[in-house]
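Enquirer: Sharing a structure below in structure tokens format, with a few things to ask.
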Amino acid sequence: VLDIAVSDVSGHGMGSALLMASTHTLLRLLARTPSTLDGIVHQANLFLSEETLDDQFVSMLLLELDARTGLVSFVSAGHPAAYIMDGDGKVKARLERTGPLLSIDAEASFPAGLPVKMEPGDVLLALTDGVLEARRRDGQDFGEGRTLATLRKVRNEKAEVITRAIYDAVLDFRSKPCLEDDVTLVVIKDTRPA
């Protein structure tokens, strides 16, 4: 079983970097406890609600992948949707938010989403809003449509090639050598034999 976390914090600068480092450490500690995904996110929320400033928050997607069966379980605390695309280029699942952002409400609940089974050839894409909200001078965002169109074009490639292709597409869209917001992409390809 493989656990994957994708998170983003509000703001920029040293305070946000420290919050991300604290969240990372907290998750590593909680992952070592005998707990479910929703239990881990609930405990993280309790801690962050006590320890962060009122204007700070964290989005988080916590995934658990059973590499043997292809079953993906998840909890999403205010995080952008992740996608599972099949070998034909169809989005077979959107892993949507199951709860609010972390540190907003200490009493919030974070139920697990319905598990999804990956099949050979499927690709899972998780990302931060820095991909979707990358903006051109004319005010257009890269958005979900361009993200999925890029994924569809390169879905048969290896995970690292897919990751690079999406990142390069965002840079090309912006026509600048750097991005204003942080960008995180996690690509998992089911390479089990059919």
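We label chains A, B, ... in the order they appear in the structure tokens, count residues from 1 in each chain, and number ligands from 1 in the order shown.
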What lies within 6 Å of region 79-96 of chain A using only C-alpha atoms, ignoring chain neighbours under 3 positions off, as an MDAnalysis selection string?
Expert: chainID A and resid 59:61 76 121:126 152
Enquirer: Can I get the selected residues back with N, CA and C atoms, as a tab-separated table (two decimals), in the first residue's frame?
Expert:
chain	number	residue	atom	x	y	z
A	59	SER	N	-4.85	23.11	2.06
A	59	SER	CA	-5.65	22.13	1.31
A	59	SER	C	-4.83	20.85	1.25
A	60	MET	N	-5.53	19.71	1.26
A	60	MET	CA	-4.81	18.45	1.27
A	60	MET	C	-5.61	17.36	0.58
A	61	LEU	N	-4.93	16.60	-0.24
A	61	LEU	CA	-5.47	15.38	-0.82
A	61	LEU	C	-4.62	14.24	-0.29
A	76	SER	N	-10.19	14.36	0.66
A	76	SER	CA	-9.74	15.64	0.12
A	76	SER	C	-10.28	16.78	0.97
A	121	GLY	N	-3.21	0.56	-17.51
A	121	GLY	CA	-3.26	1.64	-18.48
A	121	GLY	C	-3.85	2.93	-17.93
A	122	ASP	N	-4.54	2.88	-16.79
A	122	ASP	CA	-5.09	4.09	-16.18
A	122	ASP	C	-3.99	4.99	-15.65
A	123	VAL	N	-4.28	6.28	-15.63
A	123	VAL	CA	-3.35	7.28	-15.10
A	123	VAL	C	-4.08	8.10	-14.04
A	124	LEU	N	-3.46	8.25	-12.89
A	124	LEU	CA	-3.98	9.12	-11.83
A	124	LEU	C	-3.15	10.41	-11.84
A	125	LEU	N	-3.84	11.54	-11.88
A	125	LEU	CA	-3.18	12.85	-11.84
A	125	LEU	C	-3.71	13.63	-10.65
A	126	ALA	N	-2.81	13.99	-9.74
A	126	ALA	CA	-3.14	14.88	-8.62
A	126	ALA	C	-2.27	16.12	-8.78
A	152	ARG	N	-4.50	13.74	-21.85
A	152	ARG	CA	-5.05	12.83	-22.88
A	152	ARG	C	-4.02	12.57	-23.98
Enquirer: Rank nothing, just name the residue among A:Ala77, A:Pro120, A:Ser49, A:Leu2 nearest to Ala31 (chain A), using only C-alpha atoms.
Expert: A:Leu2
Enquirer: Looking at only C-alpha atoms, which of A:His24, A:His12, A:Arg192, A:His42 is the one that sits closest to Asp105 (chain A)?
Expert: A:His42
Enquirer: With only C-alpha atoms as the atoms that count, which of A:Gly99, A:Gly78, A:Gly39, A:Pro115 lies nearest to Asp66 (chain A)?
Expert: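 With only C-alpha atoms as the atom set, the closest residue is A:Pro115.
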Enquirer: From the set A:Val131, A:Ala21, A:Val161, A:Ala169, which residue has the shortest atom-to-atom contact distance to Ala149 (chain A), counting only C-alpha atoms?
Expert: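 Using only C-alpha atoms, Ala149 (chain A) sits closest to A:Ala169.
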Enquirer: Using only C-alpha atoms, which of the listed residues (A:Leu46, A:Leu132, A:Ala108, A:Leu171) sits closest to Thr147 (chain A)?
Expert: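 Closest to Thr147 (chain A) of all the choices is A:Leu132.
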Enquirer: Mind checking DSSP for region 48-191 of chain A and telling me the strand (DSSP E) residues as a ChimeraX atom specification?
Expert: /A:58-66,71-77,82-85,91-95,116-117,123-127,185-189
Enquirer: Can you list, as number ranges by chain, every protein, DNA or RNA residue that comes within 12 Å of Asp55 (chain A) when you count only C-alpha atoms, leaving out same-chain residues fewer than 6 positions away?
Expert: A: 9-11, 15-16, 48-49, 101-104
Enquirer: Could you pull out all residues of region 11-110 of chain A with a DSSP call of alpha helix (DSSP H) and give them as an MDAnalysis selection string?
Expert: chainID A and resid 14:31 37:51
Enquirer: Would you save the residues from that selection as a PDB file, in the first residue's frame, using C-alpha atoms?
Expert:
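So the final result, stored in out-v1.pdb, reads:
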ATOM      1  CA  MET A  14       8.572  32.236   4.960  1.00  0.00           C
ATOM      2  CA  GLY A  15       5.375  31.864   7.030  1.00  0.00           C
ATOM      3  CA  SER A  16       3.764  29.684   4.367  1.00  0.00           C
ATOM      4  CA  ALA A  17       6.933  27.638   3.954  1.00  0.00           C
ATOM      5  CA  LEU A  18       7.039  26.984   7.703  1.00  0.00           C
ATOM      6  CA  LEU A  19       3.374  25.976   7.701  1.00  0.00           C
ATOM      7  CA  MET A  20       4.016  23.528   4.859  1.00  0.00           C
ATOM      8  CA  ALA A  21       7.025  22.064   6.681  1.00  0.00           C
ATOM      9  CA  SER A  22       4.962  21.657   9.860  1.00  0.00           C
ATOM     10  CA  THR A  23       2.126  20.015   7.922  1.00  0.00           C
ATOM     11  CA  HIS A  24       4.566  17.629   6.248  1.00  0.00           C
ATOM     12  CA  THR A  25       6.060  16.607   9.591  1.00  0.00           C
ATOM     13  CA  LEU A  26       2.615  16.234  11.140  1.00  0.00           C
ATOM     14  CA  LEU A  27       1.445  13.963   8.320  1.00  0.00           C
ATOM     15  CA  ARG A  28       4.524  11.767   8.580  1.00  0.00           C
ATOM     16  CA  LEU A  29       3.889  11.316  12.299  1.00  0.00           C
ATOM     17  CA  LEU A  30       0.168  10.646  11.891  1.00  0.00           C
ATOM     18  CA  ALA A  31       0.787   8.144   9.090  1.00  0.00           C
ATOM     19  CA  LEU A  37      -7.293   8.272   6.059  1.00  0.00           C
ATOM     20  CA  ASP A  38     -10.211  10.266   7.468  1.00  0.00           C
ATOM     21  CA  GLY A  39      -8.771   9.859  10.966  1.00  0.00           C
ATOM     22  CA  ILE A  40      -5.385  11.183   9.863  1.00  0.00           C
ATOM     23  CA  VAL A  41      -6.936  14.227   8.166  1.00  0.00           C
ATOM     24  CA  HIS A  42      -9.203  14.854  11.176  1.00  0.00           C
ATOM     25  CA  GLN A  43      -6.216  14.818  13.564  1.00  0.00           C
ATOM     26  CA  ALA A  44      -4.208  17.064  11.221  1.00  0.00           C
ATOM     27  CA  ASN A  45      -7.101  19.521  11.155  1.00  0.00           C
ATOM     28  CA  LEU A  46      -7.351  19.606  14.956  1.00  0.00           C
ATOM     29  CA  PHE A  47      -3.656  20.372  15.286  1.00  0.00           C
ATOM     30  CA  LEU A  48      -3.583  22.967  12.512  1.00  0.00           C
ATOM     31  CA  SER A  49      -6.714  24.674  13.854  1.00  0.00           C
ATOM     32  CA  GLU A  50      -4.913  25.246  17.159  1.00  0.00           C
ATOM     33  CA  GLU A  51      -1.522  26.184  15.733  1.00  0.00           C
TER      34      GLU A  51
END
Enquirer: So that I can check the surroundings of Val183 (chain A), please list as number ranges by chain every protein, DNA and RNA residue that reaches within 7 Å of it, counting only C-alpha atoms and ignoring chain neighbours fewer than 2 positions away.
Expert: A: 128, 130-131, 181, 185
Enquirer: For the atom pair CA of Ala159 (chain A) and CA of Ile188 (chain A), what is the interatomic distance in Å to one decimal place?
Expert: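 About the pair CA of Ala159 (chain A) and CA of Ile188 (chain A): they are 6.1 Å apart.
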Enquirer: Take CA of Pro193 (chain A) and CA of Ser73 (chain A) and report the distance between them in Å, one decimal.
Expert: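 Answer for the CA of Pro193 (chain A) to CA of Ser73 (chain A) separation: 21.5 Å.
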Enquirer: Would you mind telling me which residue in A:Gly70, A:Gly13, A:Pro34, A:Gly139 lies nearest to Val116 (chain A) when using only C-alpha atoms?
Expert: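 Once distances to Val116 (chain A) are computed over only C-alpha atoms, the minimum belongs to A:Gly70.
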Enquirer: CA of Glu119 (chain A) and CA of Tyr167 (chain A), how far apart in Å?
Expert: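 Interatomic distance, CA of Tyr167 (chain A) to CA of Glu119 (chain A): 24.9 Å.
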Enquirer: Find the spatial neighbours of Ile4 (chain A), counting only C-alpha atoms, within a cut-off of 10 Å - ignore same-chain residues fewer than 4 positions away - and output them as a list in words.
Expert: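 Final neighbour list, sorted by chain and number: Leu61, Leu62, Leu63, Glu64, Leu65, Phe74, Ala126 and Val186 of chain A.
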